[in-house]
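Shown here: my_file11.tsv, TSV, C-alpha atoms.
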```
chain	number	residue	atom	x	y	z
A	252	MET	CA	2.20	0.49	-20.78
A	253	PRO	CA	3.84	-2.95	-20.93
A	254	ASN	CA	3.12	-3.79	-17.26
A	255	VAL	CA	-0.60	-3.00	-17.50
A	256	THR	CA	-2.78	-5.75	-18.92
A	257	PHE	CA	-5.48	-5.13	-21.48
A	258	LYS	CA	-8.09	-6.14	-18.89
A	259	GLU	CA	-6.77	-3.54	-16.44
A	260	GLN	CA	-6.78	-0.85	-19.12
A	261	GLU	CA	-10.35	-1.81	-20.00
A	262	GLN	CA	-11.51	-1.47	-16.38
A	263	VAL	CA	-9.83	1.94	-15.99
A	264	LEU	CA	-11.53	3.14	-19.18
A	265	LYS	CA	-14.90	1.90	-17.89
A	266	TYR	CA	-14.36	3.74	-14.61
A	267	ARG	CA	-13.39	6.98	-16.36
A	268	THR	CA	-16.46	6.78	-18.63
A	269	ASP	CA	-18.81	5.68	-15.81
A	270	THR	CA	-19.67	2.41	-17.54
A	271	ILE	CA	-18.59	-0.05	-14.83
A	272	HIS	CA	-21.64	-2.23	-14.26
A	273	THR	CA	-23.38	-1.21	-11.04
A	274	ASP	CA	-26.89	-1.49	-9.67
A	275	LYS	CA	-27.44	2.07	-10.90
A	276	HIS	CA	-26.86	0.90	-14.47
A	277	THR	CA	-29.04	-2.16	-13.94
A	278	LYS	CA	-31.96	0.04	-12.92
A	279	ARG	CA	-31.33	2.44	-15.77
A	280	PHE	CA	-31.24	-0.27	-18.44
A	281	SER	CA	-34.21	-2.18	-17.01
A	282	HIS	CA	-36.21	1.05	-16.59
A	283	THR	CA	-36.81	0.42	-12.87
A	284	THR	CA	-36.69	2.91	-10.01
A	285	GLY	CA	-35.45	2.88	-6.45
A	286	PRO	CA	-32.11	3.41	-4.68
A	287	ALA	CA	-29.07	1.72	-6.22
A	288	THR	CA	-27.59	-0.63	-3.61
A	289	CYS	CA	-24.41	-2.66	-3.64
A	290	PRO	CA	-25.31	-6.38	-3.98
A	291	LEU	CA	-22.36	-7.28	-1.73
A	292	CYS	CA	-22.62	-4.95	1.28
A	293	GLY	CA	-25.95	-3.16	0.80
A	294	GLY	CA	-24.37	0.29	0.65
A	295	SER	CA	-25.06	2.92	-1.97
A	296	ASP	CA	-23.76	1.45	-5.23
A	297	SER	CA	-21.42	3.37	-7.57
A	298	ALA	CA	-18.07	2.95	-9.27
A	299	PRO	CA	-16.21	4.83	-6.47
A	300	HIS	CA	-17.97	2.60	-3.94
A	301	ILE	CA	-16.63	-0.55	-5.62
A	302	LEU	CA	-13.08	0.79	-5.96
A	303	LEU	CA	-12.78	2.61	-2.62
A	304	ARG	CA	-15.45	2.06	0.00
A	305	CYS	CA	-17.04	-1.40	-0.20
A	306	ASN	CA	-16.24	-3.26	3.03
A	307	ILE	CA	-17.00	-6.77	1.82
A	308	HIS	CA	-13.99	-8.96	2.70
A	309	THR	CA	-12.92	-9.83	-0.86
A	310	LEU	CA	-12.92	-6.25	-2.09
A	311	LYS	CA	-11.33	-5.00	1.13
A	312	ARG	CA	-8.42	-7.38	0.58
A	313	LEU	CA	-8.06	-6.17	-3.02
A	314	HIS	CA	-7.98	-2.56	-1.79
A	315	ILE	CA	-5.28	-3.42	0.77
A	316	ASN	CA	-3.18	-5.32	-1.77
A	317	ARG	CA	-3.45	-2.40	-4.21
A	318	HIS	CA	-2.23	-0.01	-1.51
A	319	ASN	CA	0.64	-2.29	-0.44
A	320	HIS	CA	1.75	-2.72	-4.03
A	321	ALA	CA	1.93	1.06	-4.52
A	322	VAL	CA	3.81	1.58	-1.24
A	323	SER	CA	6.29	-1.18	-2.07
A	324	LEU	CA	7.05	0.13	-5.56
A	325	CYS	CA	7.72	3.63	-4.21
A	326	GLY	CA	9.78	2.27	-1.32
A	327	GLU	CA	11.89	0.23	-3.71
A	328	GLU	CA	12.72	3.34	-5.75
A	329	ILE	CA	13.51	5.47	-2.68
A	330	SER	CA	15.85	2.80	-1.33
A	331	LYS	CA	17.86	2.90	-4.57
A	332	GLY	CA	18.34	6.68	-4.49
A	333	LYS	CA	20.46	9.06	-2.44
A	334	LEU	CA	17.90	8.98	0.40
A	335	GLY	CA	18.04	5.20	0.69
A	336	SER	CA	20.09	5.27	3.89
A	337	ALA	CA	17.49	7.55	5.51
A	338	PHE	CA	14.62	5.12	4.84
A	339	VAL	CA	13.83	3.40	8.17
A	340	THR	CA	10.24	2.08	7.92
A	341	MET	CA	7.86	0.88	5.22
A	342	ASP	CA	4.38	-0.33	6.07
A	343	ALA	CA	3.54	-2.82	3.33
A	344	CYS	CA	3.02	-6.55	2.86
A	345	ASN	CA	5.62	-9.15	3.78
A	346	SER	CA	8.80	-9.95	1.86
A	347	GLU	CA	7.47	-13.18	0.34
A	348	LYS	CA	4.50	-11.41	-1.26
A	349	LEU	CA	6.74	-8.64	-2.53
A	350	SER	CA	9.11	-11.19	-4.07
A	351	ASP	CA	6.18	-12.74	-5.91
A	352	LEU	CA	5.61	-9.30	-7.46
A	353	ASN	CA	9.33	-8.99	-8.36
A	354	ILE	CA	9.71	-6.12	-5.90
A	355	GLU	CA	12.98	-5.88	-3.97
A	356	THR	CA	12.49	-4.95	-0.33
A	357	PRO	CA	14.99	-2.49	1.22
A	358	ASP	CA	17.38	-4.01	3.76
A	359	ASP	CA	16.77	-3.50	7.51
A	360	ILE	CA	13.37	-1.88	6.98
A	361	GLU	CA	10.80	-2.25	9.76
A	362	ARG	CA	7.03	-1.95	9.57
A	363	ASN	CA	6.68	-0.09	12.88
A	364	ILE	CA	8.51	3.12	13.77
A	365	PRO	CA	11.51	2.10	15.92
A	366	ASP	CA	11.71	3.42	19.48
A	367	TRP	CA	14.90	5.37	18.74
A	368	VAL	CA	13.06	7.69	16.32
A	369	PHE	CA	11.00	9.15	19.19
A	370	PRO	CA	12.73	11.87	21.25
A	371	THR	CA	11.93	10.02	24.49
A	372	ARG	CA	13.06	6.72	22.90
A	373	GLN	CA	9.83	5.20	24.18
A	374	ASN	CA	7.24	4.11	21.64
A	375	LEU	CA	3.59	3.45	22.44
A	376	PRO	CA	1.88	0.20	21.38
A	377	THR	CA	0.87	0.28	17.71
A	378	ARG	CA	-2.82	0.37	18.57
A	379	HIS	CA	-2.31	3.77	20.25
A	380	GLN	CA	-0.78	5.54	17.26
A	381	SER	CA	-0.99	5.86	13.50
A	382	ARG	CA	1.55	4.15	11.26
A	383	PRO	CA	2.64	6.04	8.14
A	384	ASP	CA	3.56	4.11	5.02
A	385	GLY	CA	7.15	5.31	5.12
A	386	VAL	CA	9.52	7.19	7.42
A	387	LEU	CA	12.81	8.83	6.43
A	388	VAL	CA	15.23	10.24	8.99
A	389	MET	CA	18.09	12.54	7.93
A	390	PRO	CA	20.09	15.34	9.55
A	391	ILE	CA	18.90	18.92	9.37
A	392	GLU	CA	21.17	20.79	7.01
A	393	GLY	CA	23.96	22.52	8.88
A	394	ARG	CA	23.67	20.41	12.04
A	395	GLY	CA	26.28	17.76	11.28
A	396	ARG	CA	26.54	14.82	8.91
A	397	HIS	CA	25.61	11.26	9.84
A	398	LEU	CA	25.31	8.31	7.47
A	399	ASP	CA	23.48	6.28	10.10
A	400	PRO	CA	20.11	7.85	11.07
A	401	LYS	CA	20.41	6.32	14.56
A	402	GLN	CA	23.46	8.51	15.24
A	403	ILE	CA	21.59	11.78	14.61
A	404	PRO	CA	20.67	13.52	17.88
A	405	PRO	CA	16.85	13.84	18.22
A	406	LYS	CA	16.93	17.66	18.04
A	407	ASP	CA	18.91	17.54	14.77
A	408	ARG	CA	16.64	15.17	12.86
A	409	ASP	CA	14.72	16.04	9.73
A	410	ILE	CA	11.93	13.44	9.81
A	411	HIS	CA	9.72	12.86	6.80
A	412	LEU	CA	6.51	10.81	7.03
A	413	VAL	CA	5.12	9.47	3.76
A	414	GLU	CA	1.49	8.41	3.42
A	415	PHE	CA	-0.16	6.88	0.36
A	416	LYS	CA	-3.92	7.12	-0.05
A	417	PHE	CA	-6.17	5.99	-2.88
A	418	CYS	CA	-8.96	8.48	-3.50
A	419	SER	CA	-11.60	9.63	-5.94
A	420	ASP	CA	-10.09	11.20	-9.07
A	421	ILE	CA	-12.45	14.17	-8.87
A	422	ASN	CA	-12.72	14.77	-5.11
A	423	PRO	CA	-9.40	14.17	-3.31
A	424	GLN	CA	-9.72	16.87	-0.63
A	425	GLN	CA	-11.54	14.78	1.97
A	426	THR	CA	-8.94	12.00	1.72
A	427	LEU	CA	-6.15	14.57	2.10
A	428	GLU	CA	-7.71	16.03	5.24
A	429	THR	CA	-8.24	12.55	6.70
A	430	ALA	CA	-4.56	11.68	6.22
A	431	HIS	CA	-3.39	14.89	7.93
A	432	ASN	CA	-5.77	14.40	10.87
A	433	GLN	CA	-4.76	10.75	11.18
A	434	HIS	CA	-1.09	11.54	11.76
A	435	GLN	CA	-1.22	14.78	13.79
A	436	PRO	CA	-0.83	13.03	17.19
A	437	LEU	CA	2.14	11.06	15.85
A	438	ILE	CA	3.77	14.21	14.49
A	439	GLN	CA	3.44	15.86	17.90
A	440	ARG	CA	5.08	12.85	19.59
A	441	LEU	CA	7.99	12.88	17.14
A	442	ARG	CA	8.76	16.56	17.69
A	443	THR	CA	11.31	17.76	20.22
A	444	ARG	CA	10.44	20.74	22.39
A	445	SER	CA	13.41	22.82	23.45
A	446	LEU	CA	12.74	25.60	25.93
A	447	ARG	CA	15.56	27.56	24.29
A	448	GLY	CA	13.79	28.22	21.00
A	449	ILE	CA	12.36	26.52	17.95
A	450	SER	CA	15.73	26.64	16.19
A	451	ARG	CA	16.90	23.91	18.56
A	452	ASN	CA	14.04	21.56	17.69
A	453	ASN	CA	13.86	18.88	15.02
A	454	GLN	CA	11.69	19.02	11.90
A	455	VAL	CA	8.77	16.67	11.15
A	456	THR	CA	7.03	16.84	7.77
A	457	LEU	CA	4.11	14.79	6.46
A	458	HIS	CA	3.97	14.09	2.71
A	459	VAL	CA	0.61	12.76	1.50
A	460	ILE	CA	0.62	11.16	-1.95
A	461	LEU	CA	-2.89	10.76	-3.31
A	462	LEU	CA	-3.47	8.17	-6.02
A	463	GLY	CA	-6.76	8.43	-7.88
A	464	VAL	CA	-8.29	5.04	-8.59
A	465	GLY	CA	-8.54	6.04	-12.24
A	466	GLY	CA	-4.85	6.88	-12.54
A	467	THR	CA	-4.61	10.50	-11.32
A	468	ILE	CA	-1.63	11.30	-9.10
A	469	TYR	CA	-1.82	14.25	-6.69
A	470	ASN	CA	1.26	15.64	-4.92
```

Please re-express this file's structure in structure tokens.
Amino acid sequence: MPNVTFKEQEQVLKYRTDTIHTDKHTKRFSHTTGPATCPLCGGSDSAPHILLRCNIHTLKRLHINRHNHAVSLCGEEISKGKLGSAFVTMDACNSEKLSDLNIETPDDIERNIPDWVFPTRQNLPTRHQSRPDGVLVMPIEGRGRHLDPKQIPPKDRDIHLVEFKFCSDINPQQTLETAHNQHQPLIQRLRTRSLRGISRNNQVTLHVILLGVGGTIYN
């Protein structure tokens, strides 16, 4: 693993063996009792708490940067493949930060879903809807061929929403359910509703990629 430092490997090993130093370990080694609390936020202290749930500003920023890095790496690879022309949005950090990480950003990619993707061509303000980490728009097979996603009629679109979530390596189900619930209203708004049958409607699919903080990848 040439791109993973020894320090990072060490921390992953500590997490997997439950030896990251927490208040729980402090109490165990000092033979004291009482609830283990996070010294930063006061929540219940544990390794998953540090890597996933602590809301102290410094750790929250690290969690966000970790997420953006993962989204950007995946987006870079998608943009290089045969689906690159279908890639219309990527919700990650700005181009300057990505350049510092030697990540090439896809051309003409927006952070918000463009108005033209919605059947009514009218988007709501961002605060009123979820924002997936990536959106790909391609034609439904057998309904014409268009290189430019904007030229695909709304009823003929095959829309794929991609969401990345970091989760516990041993209990991913709750994170998966949260992601699906988060985007259900958006999925409904992206769908067309023909009165002449479902075969005349578009397709909207949500793909949730779960990344365990200890290195597990769930599809």

Atomic distance CA of Asn453 (chain A) - CA of Ser336 (chain A), expressed in Å with one decimal: 18.7 Å

Six-sided padding of 8 Å per side, axis-aligned box over region 289-296 of chain A, centre and edges in Å, one decimal, as lines of an AutoDock Vina configuration file:
```
center_x = -24.2
center_y = -2.2
center_z = -2.0
size_x = 19.6
size_y = 26.2
size_z = 22.5
```

Distance criterion (only C-alpha atoms): nearest to Ser323 (chain A) out of A:Gly285, A:Thr277, A:Asn306, A:Asp384: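 Smallest separation from Ser323 (chain A) among the options: A:Asp384.
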
For the contact check between region 296-353 of chain A and region 418-436 of chain A, emit one row per residue of region 296-353 of chain A within 12 Å, containing the shortest atom pair and the distance in Å rounded to one decimal, counting all atoms listed in the file, chain then rising number order, as a Markdown table.
```
| residue | atom | partner | partner_atom | distance |
| --- | --- | --- | --- | --- |
| A:Ser297 | CA | A:Ser419 | CA | 11.8 |
| A:Ala298 | CA | A:Ser419 | CA | 9.9 |
| A:Pro299 | CA | A:Ser419 | CA | 6.7 |
| A:His300 | CA | A:Ser419 | CA | 9.7 |
| A:Ile301 | CA | A:Ser419 | CA | 11.4 |
| A:Leu302 | CA | A:Ser419 | CA | 9.0 |
| A:Leu303 | CA | A:Cys418 | CA | 7.1 |
| A:Arg304 | CA | A:Cys418 | CA | 9.8 |
| A:His314 | CA | A:Cys418 | CA | 11.2 |
| A:His318 | CA | A:Cys418 | CA | 11.0 |
```

Just C-alpha atoms for this one: save the residues we selected as a compact mmCIF listing (two decimals), in the coordinates of the input.
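Written output follows (selection.txt):
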```txt
# COMPACT_ATOMS: atom_id res chain seq x y z
CA SER A 297 -21.42 3.37 -7.57
CA ALA A 298 -18.07 2.95 -9.27
CA PRO A 299 -16.21 4.83 -6.47
CA HIS A 300 -17.97 2.60 -3.94
CA ILE A 301 -16.63 -0.55 -5.62
CA LEU A 302 -13.08 0.79 -5.96
CA LEU A 303 -12.78 2.61 -2.62
CA ARG A 304 -15.45 2.06 0.00
CA HIS A 314 -7.98 -2.56 -1.79
CA HIS A 318 -2.23 -0.01 -1.51
```

Near-Leu291 (chain A) list (10 Å; only C-alpha atoms; drop same-chain fewer than 6 positions) as a count of residues only: 7

9 Å contact set for Ile364 (chain A), all atoms listed in the file, chain neighbours under 5 positions out, as a list in words: Val339, Thr340, Met341, Phe369, Asn374, Arg382, Pro383 and Val386 of chain A

Å distance separating CA of Leu461 (chain A) from CA of Phe415 (chain A), one decimal place: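 Between these atoms lies a distance of 6.0 Å.
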
Among the residues A:Lys406, A:Asp296, A:Lys331, A:Leu441, the one that comes closest to Ile271 (chain A) [using all atoms listed in the file]: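 Selected residue with least distance to Ile271 (chain A): A:Asp296.
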
Rebuild region 319-344 of chain A to N, CA and C atoms - output it as a CSV table (one decimal), in the frame of the given file, please.
```
chain,number,residue,atom,x,y,z
A,319,ASN,N,-0.7,-1.7,-0.8
A,319,ASN,CA,0.6,-2.3,-0.4
A,319,ASN,C,1.5,-2.4,-1.7
A,320,HIS,N,1.0,-2.7,-2.8
A,320,HIS,CA,1.8,-2.7,-4.0
A,320,HIS,C,2.3,-1.3,-4.3
A,321,ALA,N,1.5,-0.3,-4.2
A,321,ALA,CA,1.9,1.1,-4.5
A,321,ALA,C,3.0,1.5,-3.5
A,322,VAL,N,2.8,1.2,-2.2
A,322,VAL,CA,3.8,1.6,-1.2
A,322,VAL,C,5.1,0.9,-1.5
A,323,SER,N,5.1,-0.4,-1.9
A,323,SER,CA,6.3,-1.2,-2.1
A,323,SER,C,7.1,-0.7,-3.3
A,324,LEU,N,6.4,-0.4,-4.4
A,324,LEU,CA,7.0,0.1,-5.6
A,324,LEU,C,7.8,1.4,-5.3
A,325,CYS,N,7.1,2.3,-4.5
A,325,CYS,CA,7.7,3.6,-4.2
A,325,CYS,C,8.9,3.4,-3.2
A,326,GLY,N,8.7,2.5,-2.3
A,326,GLY,CA,9.8,2.3,-1.3
A,326,GLY,C,11.0,1.7,-2.0
A,327,GLU,N,10.8,0.8,-3.0
A,327,GLU,CA,11.9,0.2,-3.7
A,327,GLU,C,12.7,1.3,-4.4
A,328,GLU,N,12.0,2.3,-5.0
A,328,GLU,CA,12.7,3.3,-5.8
A,328,GLU,C,13.5,4.3,-4.8
A,329,ILE,N,12.8,4.6,-3.7
A,329,ILE,CA,13.5,5.5,-2.7
A,329,ILE,C,14.8,4.8,-2.2
A,330,SER,N,14.7,3.5,-1.9
A,330,SER,CA,15.8,2.8,-1.3
A,330,SER,C,17.0,2.8,-2.3
A,331,LYS,N,16.8,2.9,-3.6
A,331,LYS,CA,17.9,2.9,-4.6
A,331,LYS,C,18.5,4.3,-4.8
A,332,GLY,N,17.9,5.3,-4.3
A,332,GLY,CA,18.3,6.7,-4.5
A,332,GLY,C,19.2,7.2,-3.4
A,333,LYS,N,19.5,8.5,-3.4
A,333,LYS,CA,20.5,9.1,-2.4
A,333,LYS,C,19.9,9.1,-1.0
A,334,LEU,N,18.5,9.0,-0.9
A,334,LEU,CA,17.9,9.0,0.4
A,334,LEU,C,17.7,7.6,0.9
A,335,GLY,N,18.2,6.6,0.3
A,335,GLY,CA,18.0,5.2,0.7
A,335,GLY,C,18.5,4.9,2.1
A,336,SER,N,19.6,5.5,2.5
A,336,SER,CA,20.1,5.3,3.9
A,336,SER,C,19.2,5.9,5.0
A,337,ALA,N,18.4,6.9,4.6
A,337,ALA,CA,17.5,7.6,5.5
A,337,ALA,C,16.2,6.8,5.7
A,338,PHE,N,15.9,5.8,4.9
A,338,PHE,CA,14.6,5.1,4.8
A,338,PHE,C,14.6,4.1,6.0
A,339,VAL,N,13.8,4.3,7.0
A,339,VAL,CA,13.8,3.4,8.2
A,339,VAL,C,12.6,2.5,8.3
A,340,THR,N,11.4,2.9,7.8
A,340,THR,CA,10.2,2.1,7.9
A,340,THR,C,9.4,2.1,6.6
A,341,MET,N,8.8,1.0,6.3
A,341,MET,CA,7.9,0.9,5.2
A,341,MET,C,6.7,-0.1,5.6
A,342,ASP,N,5.5,0.5,5.6
A,342,ASP,CA,4.4,-0.3,6.1
A,342,ASP,C,3.7,-0.9,4.8
A,343,ALA,N,4.1,-2.1,4.5
A,343,ALA,CA,3.5,-2.8,3.3
A,343,ALA,C,3.5,-4.3,3.6
A,344,CYS,N,3.2,-5.1,2.6
A,344,CYS,CA,3.0,-6.6,2.9
A,344,CYS,C,4.4,-7.2,3.1
```
